[in-house]
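Shown next, in structure tokens, is the structure this report addresses.
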Amino acid sequence: MTMYINGTGCISHQNTIDVDNFFENGQITRQPLLLAKEPDYKNYVPANMLRRMSHIIKMGVAAAKISLQQAEIENVDAIITGTGLGCFEDTDKFLKSIIENNEQLLTPTSFIQSTHNTVAGQIALLIKCHNYNFTYTQQGLSFESALIDTTMFLNENKNSNVLVGGLDEAIQPYFNLLVKAGHIKKQEGIITDIEKNQTKGFCLGEGASFFVLSNQKNKNTKAQIKGIKTFTSIKGVDDLQNKLTAFLQKINLSIGDVNLVLSGNSGDVEDDKLLNESNKQFFPKTNIAYFKNLCGEYFTASAFALWLASVIIEKQKIPKALTQKKSDKQELKNILIINQYHNTEYSFMCVSSC
């Protein structure tokens, strides 16, 4: 079923609030930890609520409010979110307080705000939405799971609007653990062209991207999502190509119909090997761009890719900051997002013009 994108909101390592600029001066930051550039939250959240909100809640609520403003609506029929780690900062605080207070006299605030569905709950309270509210935690497929649920909801509920988002935060203790485990790229191994990386590890990112999706097109519609598919096991290049061919056939497209591929290369030489080989064989004449050199790698980075694809479709322009395989000019009708997380979880999304 086709889903229309009627509003978007994104907070990331880049200045994604100002879509008029749209990465004209965007820089590929050479650092292993890509923290979000946060806006003035008082423009989106009442000041008396801000002081009780953690970092990820602020990002999520603000991104959701921006998307609702773009869609020119105040409430929705459902709120569906995806997150890999949820409110990790509050979880960390609560666990530390258990140790520091010898498991006694613990404040419940951090525990209450540490659950994965806290952001969706805060959004519902803010906009007074008493409808369907669900949060998915499926590691690298968390956001895709939320989108699949959105598809089913819109299929069953005509003339509906769904607020769907993907968000994760990067905190220092988590970053330190990833460094010790050898997952973070060393400073000397970071280069601008993510597809040319020949070292292990990735750059950790964070962000929140929200969308108002509907089964009805209107004057605010930016693009449409024609299809989504997820996989938890890929056996090789042939298997990936067969699955991709079947996906495109199901949404009545061919390889020649794809104008741009947004490839989810993380910069890890091992994790990207299958994706690089597949892109080379399957899309020899198609523009290929990369998005994790802008936002970093995290569980719901595909939400950033969807935001990026929708803006590219709307503006009919590929940002200069994205690495491209070709530079020929053509109408951008269909953008294919191929994401991978640790070379174990793969997803396809097709974003098209209306």
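As shown in the structure tokens, the chain order sets the letters A, B, ...; within each chain, residues go from 1, and ligands are also counted from 1 in the order they appear.
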Inset, instruction - Would you list the contacts of Ile57 in chain A as a PyMOL selection string, taking every protein, DNA or RNA residue within 10 Å and counting only C-alpha atoms, but skipping same-chain residues closer than 2 positions in sequence? - result: chain A and resi 50+52-55+59-63+86-87+113+118-123+167-169+208
How would the residues just picked look written out with all heavy atoms as a short mmCIF file (atom, residue, chain, number, x, y, z; two decimals), in the first residue's frame?
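Dumped to selection21.cif:
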data_model
loop_
_atom_site.label_atom_id
_atom_site.label_comp_id
_atom_site.auth_asym_id
_atom_site.auth_seq_id
_atom_site.Cartn_x
_atom_site.Cartn_y
_atom_site.Cartn_z
N LEU A 50 10.25 21.21 29.46
CA LEU A 50 11.62 20.95 28.99
C LEU A 50 12.55 20.48 30.10
O LEU A 50 13.36 19.58 29.90
CB LEU A 50 12.20 22.20 28.33
CG LEU A 50 11.91 22.41 26.85
CD1 LEU A 50 12.46 23.74 26.39
CD2 LEU A 50 12.49 21.27 26.02
N ARG A 52 12.13 18.72 32.56
CA ARG A 52 11.94 17.34 33.01
C ARG A 52 12.21 16.33 31.89
O ARG A 52 12.04 15.13 32.08
CB ARG A 52 10.51 17.15 33.53
CG ARG A 52 10.21 17.95 34.77
CD ARG A 52 8.91 17.50 35.42
NE ARG A 52 7.76 17.72 34.53
CZ ARG A 52 7.05 18.84 34.53
NH1 ARG A 52 7.37 19.85 35.32
NH2 ARG A 52 6.01 18.97 33.70
N MET A 53 12.62 16.82 30.74
CA MET A 53 12.85 15.94 29.59
C MET A 53 14.33 15.62 29.41
O MET A 53 15.18 16.51 29.52
CB MET A 53 12.32 16.58 28.30
CG MET A 53 10.82 16.66 28.21
SD MET A 53 10.30 17.37 26.62
CE MET A 53 8.52 17.18 26.72
N SER A 54 14.61 14.38 29.09
CA SER A 54 15.99 13.98 28.79
C SER A 54 16.31 14.34 27.35
O SER A 54 15.45 14.78 26.58
CB SER A 54 16.16 12.48 29.01
OG SER A 54 15.37 11.74 28.11
N HIS A 55 17.54 14.09 26.97
CA HIS A 55 18.04 14.45 25.65
C HIS A 55 17.21 13.83 24.53
O HIS A 55 16.76 14.52 23.61
CB HIS A 55 19.50 14.00 25.56
CG HIS A 55 20.12 14.12 24.20
ND1 HIS A 55 20.17 15.30 23.50
CD2 HIS A 55 20.70 13.18 23.40
CE1 HIS A 55 20.77 15.10 22.34
NE2 HIS A 55 21.09 13.83 22.25
N MET A 59 14.65 15.57 21.63
CA MET A 59 14.83 15.38 20.18
C MET A 59 13.57 14.82 19.54
O MET A 59 13.10 15.29 18.50
CB MET A 59 16.00 14.42 19.91
CG MET A 59 17.37 14.99 20.15
SD MET A 59 18.68 14.00 19.36
CE MET A 59 18.41 12.39 20.10
N GLY A 60 13.00 13.80 20.17
CA GLY A 60 11.83 13.14 19.61
C GLY A 60 10.61 14.04 19.56
O GLY A 60 9.92 14.12 18.54
N VAL A 61 10.34 14.73 20.67
CA VAL A 61 9.17 15.61 20.73
C VAL A 61 9.31 16.75 19.74
O VAL A 61 8.34 17.10 19.03
CB VAL A 61 8.97 16.14 22.16
CG1 VAL A 61 7.91 17.23 22.19
CG2 VAL A 61 8.58 15.01 23.11
N ALA A 62 10.50 17.34 19.65
CA ALA A 62 10.70 18.46 18.72
C ALA A 62 10.55 18.01 17.27
O ALA A 62 9.89 18.68 16.47
CB ALA A 62 12.09 19.08 18.94
N ALA A 63 11.16 16.87 16.91
CA ALA A 63 11.04 16.36 15.54
C ALA A 63 9.58 16.04 15.20
O ALA A 63 9.12 16.30 14.08
CB ALA A 63 11.91 15.11 15.36
N GLY A 86 16.11 3.11 23.08
CA GLY A 86 15.19 3.90 23.89
C GLY A 86 15.90 5.00 24.64
O GLY A 86 16.90 5.57 24.18
N CYS A 87 15.39 5.30 25.83
CA CYS A 87 15.96 6.39 26.65
C CYS A 87 17.16 5.85 27.42
O CYS A 87 17.11 5.61 28.63
CB CYS A 87 14.90 6.94 27.59
SG CYS A 87 13.45 7.58 26.73
N GLN A 113 11.25 7.22 33.13
CA GLN A 113 11.62 7.79 31.84
C GLN A 113 12.60 6.93 31.05
O GLN A 113 13.03 7.32 29.97
CB GLN A 113 12.23 9.18 32.04
CG GLN A 113 11.23 10.21 32.57
CD GLN A 113 11.79 11.62 32.56
OE1 GLN A 113 12.99 11.82 32.46
NE2 GLN A 113 10.89 12.60 32.67
N THR A 118 8.75 5.82 26.21
CA THR A 118 8.59 7.11 26.88
C THR A 118 8.39 8.25 25.89
O THR A 118 7.55 9.13 26.11
CB THR A 118 9.83 7.41 27.77
OG1 THR A 118 9.94 6.41 28.78
CG2 THR A 118 9.70 8.76 28.45
N VAL A 119 9.15 8.26 24.81
CA VAL A 119 9.05 9.36 23.84
C VAL A 119 7.66 9.40 23.22
O VAL A 119 7.03 10.46 23.12
CB VAL A 119 10.13 9.23 22.74
CG1 VAL A 119 9.97 10.34 21.71
CG2 VAL A 119 11.52 9.29 23.36
N ALA A 120 7.17 8.25 22.78
CA ALA A 120 5.84 8.19 22.19
C ALA A 120 4.78 8.64 23.19
O ALA A 120 3.81 9.31 22.83
CB ALA A 120 5.54 6.78 21.70
N GLY A 121 4.98 8.27 24.46
CA GLY A 121 4.04 8.69 25.50
C GLY A 121 4.06 10.18 25.74
O GLY A 121 3.01 10.81 25.91
N GLN A 122 5.26 10.77 25.74
CA GLN A 122 5.38 12.21 25.93
C GLN A 122 4.74 12.98 24.78
O GLN A 122 4.11 14.01 24.99
CB GLN A 122 6.86 12.59 26.06
CG GLN A 122 7.51 12.17 27.37
CD GLN A 122 7.04 13.01 28.54
OE1 GLN A 122 6.68 14.17 28.39
NE2 GLN A 122 7.04 12.42 29.72
N ILE A 123 4.91 12.48 23.57
CA ILE A 123 4.29 13.14 22.41
C ILE A 123 2.76 13.08 22.53
O ILE A 123 2.06 14.07 22.29
CB ILE A 123 4.74 12.47 21.10
CG1 ILE A 123 6.25 12.67 20.89
CG2 ILE A 123 3.97 13.02 19.90
CD1 ILE A 123 6.83 11.87 19.74
N LEU A 167 14.24 6.94 16.41
CA LEU A 167 15.15 7.78 17.19
C LEU A 167 16.03 6.94 18.10
O LEU A 167 15.63 5.89 18.59
CB LEU A 167 14.37 8.79 18.01
CG LEU A 167 13.46 8.30 19.14
CD1 LEU A 167 13.08 9.48 20.05
CD2 LEU A 167 12.17 7.66 18.62
N ASP A 168 17.25 7.41 18.27
CA ASP A 168 18.21 6.81 19.20
C ASP A 168 19.20 7.88 19.63
O ASP A 168 19.46 8.84 18.89
CB ASP A 168 18.96 5.65 18.55
CG ASP A 168 18.20 4.34 18.64
OD1 ASP A 168 18.04 3.83 19.76
OD2 ASP A 168 17.74 3.84 17.59
N GLU A 169 19.74 7.71 20.84
CA GLU A 169 20.72 8.66 21.35
C GLU A 169 22.05 7.98 21.60
O GLU A 169 22.11 6.77 21.84
CB GLU A 169 20.22 9.32 22.64
CG GLU A 169 20.03 8.38 23.81
CD GLU A 169 19.52 9.08 25.05
OE1 GLU A 169 19.66 10.32 25.14
OE2 GLU A 169 19.01 8.40 25.95
N ALA A 208 16.74 11.92 15.60
CA ALA A 208 15.31 11.63 15.65
C ALA A 208 14.68 12.14 14.37
O ALA A 208 14.86 13.31 14.00
CB ALA A 208 14.66 12.30 16.86
#
Legend entry - Atom pair CA of Gln241 in chain A / CA of Tyr346 in chain A: separation (Å): 12.1 Å
Legend entry - Gln216 in chain A environment, 8 Å, only C-alpha atoms, sequence neighbours closer than 6 positions dropped, as JSON, numbers by chain: {"A": [3, 4, 159, 160]}
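When only C-alpha atoms are used to compute distances to Ala321 in chain A, the closest of the residues A:Tyr44, A:Phe23, A:Trp307, A:Tyr341 turns out to be A:Phe23.
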Legend entry - Gap from CA of Lys128 in chain A to CA of Val76 in chain A - Å, one decimal: 9.6 Å
